[in-house]
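Chemist: What follows is a single structure, and I will ask about it in a moment.
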Amino acid sequence: DGDEDCSDGSDELACVKKTCSATEFVCHNGQCIPNRWQCDGDPDCEDGSDEGSEICYRRRCTIGEISCGPLSTQCIPVSWKCDGENDCGDGTDEEGCANITCNPEEFTCANGQCISKYFACNGQEDCSDGTDEEGCATSTCGAGDFQCTSESDICIPINWVCDGEADCTDRSDESP
């Protein structure tokens, strides 16, 4: 199994080594893991060899990933940058977030995080700091109703939402 259970290592002698496929990384103990797990900042090999500095120092982030810093071998998805979660472990993915500009289809949270504009004032905190629910008009609709976004006095039955027919003049009942 790649682990020396006997003090002299005799349990690992004359063993047929398992071969990994081309899409797998071979751990020092012979274990196979998917290549994409190598140098991702999370030890997946039982012996931790998939995160060893001797192989990870030259790791380059792929398209759609960012590095956790100049001395780090860890890469994270771009979408994890400024999401309010410390994904790099040292907080580097949450630094400089106040300078980020959200696109017009997004709401800018006070901490710089970007969320869909449709998540603002929906009664659920989507910004990690909760600012998407601050200063919202209080709903005049009942529990089984949907309040149209631009017409705060118009309420429609919740089962009319996303039914393929716009019941609010701003089409907010059909927006994602």
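How things are named: the first chain in the structure tokens is A, the next is B, and so on; residues count from 1 in each chain; ligands count from 1 in the order shown.
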From segment 16-170 of chain A, collect each residue whose DSSP state is strand (DSSP E) and return the set as a PDB file with C-alpha atoms, in the first residue's frame.
Modeler:
ATOM      1  CA  GLU A  24      -3.016  11.533 -12.411  1.00  0.00           C
ATOM      2  CA  PHE A  25      -0.130  12.557 -10.164  1.00  0.00           C
ATOM      3  CA  VAL A  26       1.963   9.809  -8.539  1.00  0.00           C
ATOM      4  CA  CYS A  32      -2.627   8.256  -7.469  1.00  0.00           C
ATOM      5  CA  ILE A  33      -4.542  11.535  -7.317  1.00  0.00           C
ATOM      6  CA  PRO A  34      -5.960  13.772 -10.097  1.00  0.00           C
ATOM      7  CA  GLU A  65      -6.889  31.212 -11.477  1.00  0.00           C
ATOM      8  CA  ILE A  66      -4.871  33.702  -9.444  1.00  0.00           C
ATOM      9  CA  SER A  67      -1.835  33.156  -7.258  1.00  0.00           C
ATOM     10  CA  CYS A  75      -3.685  29.106  -6.955  1.00  0.00           C
ATOM     11  CA  ILE A  76      -7.384  29.797  -6.452  1.00  0.00           C
ATOM     12  CA  PRO A  77     -10.230  30.507  -8.893  1.00  0.00           C
ATOM     13  CA  GLU A 106     -23.679  43.767  -9.953  1.00  0.00           C
ATOM     14  CA  PHE A 107     -24.195  45.362  -6.545  1.00  0.00           C
ATOM     15  CA  THR A 108     -21.075  46.640  -4.745  1.00  0.00           C
ATOM     16  CA  CYS A 114     -19.563  42.086  -5.984  1.00  0.00           C
ATOM     17  CA  ILE A 115     -22.882  40.223  -6.079  1.00  0.00           C
ATOM     18  CA  SER A 116     -25.702  40.071  -8.607  1.00  0.00           C
ATOM     19  CA  ASP A 145     -46.216  37.343  -2.284  1.00  0.00           C
ATOM     20  CA  PHE A 146     -43.386  38.818  -4.354  1.00  0.00           C
ATOM     21  CA  GLN A 147     -42.726  42.576  -4.308  1.00  0.00           C
ATOM     22  CA  CYS A 155     -47.278  42.547  -4.926  1.00  0.00           C
ATOM     23  CA  ILE A 156     -47.894  39.435  -6.991  1.00  0.00           C
ATOM     24  CA  PRO A 157     -48.397  35.814  -5.902  1.00  0.00           C
TER      25      PRO A 157
END
Chemist: Would you kindly return, as a list of chain:residue names, each protein, DNA or RNA residue with an atom no farther than 10 Å from any atom of Thr169 of chain A, considering only C-alpha atoms and excluding same-chain residues fewer than 2 positions away?
Modeler: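 The contact residues come out as A:Cys148, A:Thr149, A:Ser150, A:Glu151, A:Ile154, A:Ala166, A:Asp167, A:Arg171, A:Ser172, A:Asp173.
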Chemist: Nearest to Glu174 of chain A: which of A:Gly96, A:Ile158, A:Glu105, A:Ser72 is it, counting only C-alpha atoms?
Modeler: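 Of A:Gly96, A:Ile158, A:Glu105, A:Ser72, the one nearest Glu174 of chain A is A:Ile158, counting only C-alpha atoms.
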Chemist: Could you pull out the residues in segment 8-155 of chain A that DSSP calls helix (DSSP H, G or I) from the backbone, as a PyMOL selection string?
Modeler: chain A and resi 10-12+35-37+49-51+53-56+78-80+92-94+97-99+117-119+131-133
Chemist: Keeping only N, CA and C atoms, write those residues as an mmCIF file, in the first residue's frame.
Modeler:
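Now in out.cif:
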data_model
loop_
_atom_site.group_PDB
_atom_site.id
_atom_site.type_symbol
_atom_site.label_atom_id
_atom_site.label_comp_id
_atom_site.auth_asym_id
_atom_site.auth_seq_id
_atom_site.Cartn_x
_atom_site.Cartn_y
_atom_site.Cartn_z
ATOM 1 N N SER A 10 9.943 -4.594 5.016
ATOM 2 C CA SER A 10 9.779 -5.821 4.230
ATOM 3 C C SER A 10 8.372 -5.973 3.641
ATOM 4 N N ASP A 11 7.379 -5.316 4.235
ATOM 5 C CA ASP A 11 6.019 -5.423 3.700
ATOM 6 C C ASP A 11 5.857 -4.687 2.372
ATOM 7 N N GLU A 12 6.844 -3.890 2.013
ATOM 8 C CA GLU A 12 6.774 -3.138 0.763
ATOM 9 C C GLU A 12 7.740 -3.673 -0.297
ATOM 10 N N ASN A 35 -4.345 15.103 -11.353
ATOM 11 C CA ASN A 35 -3.309 16.131 -11.538
ATOM 12 C C ASN A 35 -3.732 17.488 -10.989
ATOM 13 N N ARG A 36 -5.004 17.835 -11.145
ATOM 14 C CA ARG A 36 -5.471 19.160 -10.724
ATOM 15 C C ARG A 36 -5.377 19.357 -9.217
ATOM 16 N N TRP A 37 -5.198 18.281 -8.452
ATOM 17 C CA TRP A 37 -5.065 18.387 -7.005
ATOM 18 C C TRP A 37 -3.634 18.698 -6.589
ATOM 19 N N SER A 49 3.057 14.604 -0.482
ATOM 20 C CA SER A 49 4.021 14.892 -1.549
ATOM 21 C C SER A 49 3.446 15.714 -2.699
ATOM 22 N N ASP A 50 2.132 15.819 -2.812
ATOM 23 C CA ASP A 50 1.542 16.639 -3.878
ATOM 24 C C ASP A 50 1.654 18.130 -3.599
ATOM 25 N N GLU A 51 2.090 18.492 -2.399
ATOM 26 C CA GLU A 51 2.258 19.900 -2.031
ATOM 27 C C GLU A 51 3.713 20.227 -1.708
ATOM 28 N N SER A 53 7.497 21.482 -1.774
ATOM 29 C CA SER A 53 8.095 22.673 -2.386
ATOM 30 C C SER A 53 8.974 22.325 -3.582
ATOM 31 N N GLU A 54 9.516 21.104 -3.614
ATOM 32 C CA GLU A 54 10.383 20.724 -4.735
ATOM 33 C C GLU A 54 9.617 20.612 -6.050
ATOM 34 N N ILE A 55 8.314 20.390 -6.005
ATOM 35 C CA ILE A 55 7.538 20.341 -7.249
ATOM 36 C C ILE A 55 6.630 21.552 -7.415
ATOM 37 N N CYS A 56 6.242 22.160 -6.316
ATOM 38 C CA CYS A 56 5.273 23.261 -6.403
ATOM 39 C C CYS A 56 5.907 24.630 -6.613
ATOM 40 N N VAL A 78 -10.357 32.743 -9.844
ATOM 41 C CA VAL A 78 -10.475 34.202 -9.838
ATOM 42 C C VAL A 78 -11.730 34.638 -9.080
ATOM 43 N N SER A 79 -12.801 33.868 -9.203
ATOM 44 C CA SER A 79 -14.066 34.234 -8.548
ATOM 45 C C SER A 79 -13.972 34.215 -7.024
ATOM 46 N N TRP A 80 -12.920 33.605 -6.470
ATOM 47 C CA TRP A 80 -12.741 33.570 -5.019
ATOM 48 C C TRP A 80 -12.071 34.838 -4.504
ATOM 49 N N THR A 92 -4.486 37.053 1.614
ATOM 50 C CA THR A 92 -4.069 37.821 0.437
ATOM 51 C C THR A 92 -5.162 37.908 -0.624
ATOM 52 N N ASP A 93 -6.055 36.929 -0.671
ATOM 53 C CA ASP A 93 -7.123 36.981 -1.673
ATOM 54 C C ASP A 93 -8.226 37.970 -1.301
ATOM 55 N N GLU A 94 -8.147 38.533 -0.098
ATOM 56 C CA GLU A 94 -9.131 39.526 0.339
ATOM 57 C C GLU A 94 -8.511 40.912 0.481
ATOM 58 N N CYS A 97 -9.496 44.860 -1.954
ATOM 59 C CA CYS A 97 -10.830 44.651 -2.519
ATOM 60 C C CYS A 97 -11.641 45.930 -2.650
ATOM 61 N N ALA A 98 -11.326 46.945 -1.877
ATOM 62 C CA ALA A 98 -12.079 48.199 -1.955
ATOM 63 C C ALA A 98 -11.877 48.881 -3.302
ATOM 64 N N ASN A 99 -10.798 48.547 -4.013
ATOM 65 C CA ASN A 99 -10.489 49.179 -5.296
ATOM 66 C C ASN A 99 -11.162 48.482 -6.477
ATOM 67 N N LYS A 117 -26.985 42.136 -8.850
ATOM 68 C CA LYS A 117 -27.840 43.218 -8.354
ATOM 69 C C LYS A 117 -29.203 42.693 -7.916
ATOM 70 N N TYR A 118 -29.584 41.529 -8.410
ATOM 71 C CA TYR A 118 -30.871 40.949 -8.038
ATOM 72 C C TYR A 118 -30.857 40.365 -6.626
ATOM 73 N N PHE A 119 -29.652 40.215 -6.047
ATOM 74 C CA PHE A 119 -29.543 39.703 -4.681
ATOM 75 C C PHE A 119 -29.655 40.815 -3.642
ATOM 76 N N THR A 131 -24.262 44.259 3.781
ATOM 77 C CA THR A 131 -24.663 45.587 3.301
ATOM 78 C C THR A 131 -25.675 45.549 2.158
ATOM 79 N N ASP A 132 -25.899 44.401 1.548
ATOM 80 C CA ASP A 132 -26.895 44.323 0.478
ATOM 81 C C ASP A 132 -28.326 44.375 1.018
ATOM 82 N N GLU A 133 -28.480 44.297 2.333
ATOM 83 C CA GLU A 133 -29.815 44.362 2.937
ATOM 84 C C GLU A 133 -30.016 45.629 3.761
#
Chemist: I'd like the interatomic distance between atom CA of Glu165 of chain A and atom CA of Gly135 of chain A, to a tenth of an Å.
Modeler: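 That distance, rounded to one decimal, is 29.5 Å.
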Chemist: Report as number ranges by chain all protein, DNA and RNA residues lying within 8 Å of segment 84-89 of chain A, evaluated on only C-alpha atoms, omitting residues in the same chain fewer than 5 positions from it.
Modeler: A: 68, 74, 76, 94, 113, 127-128
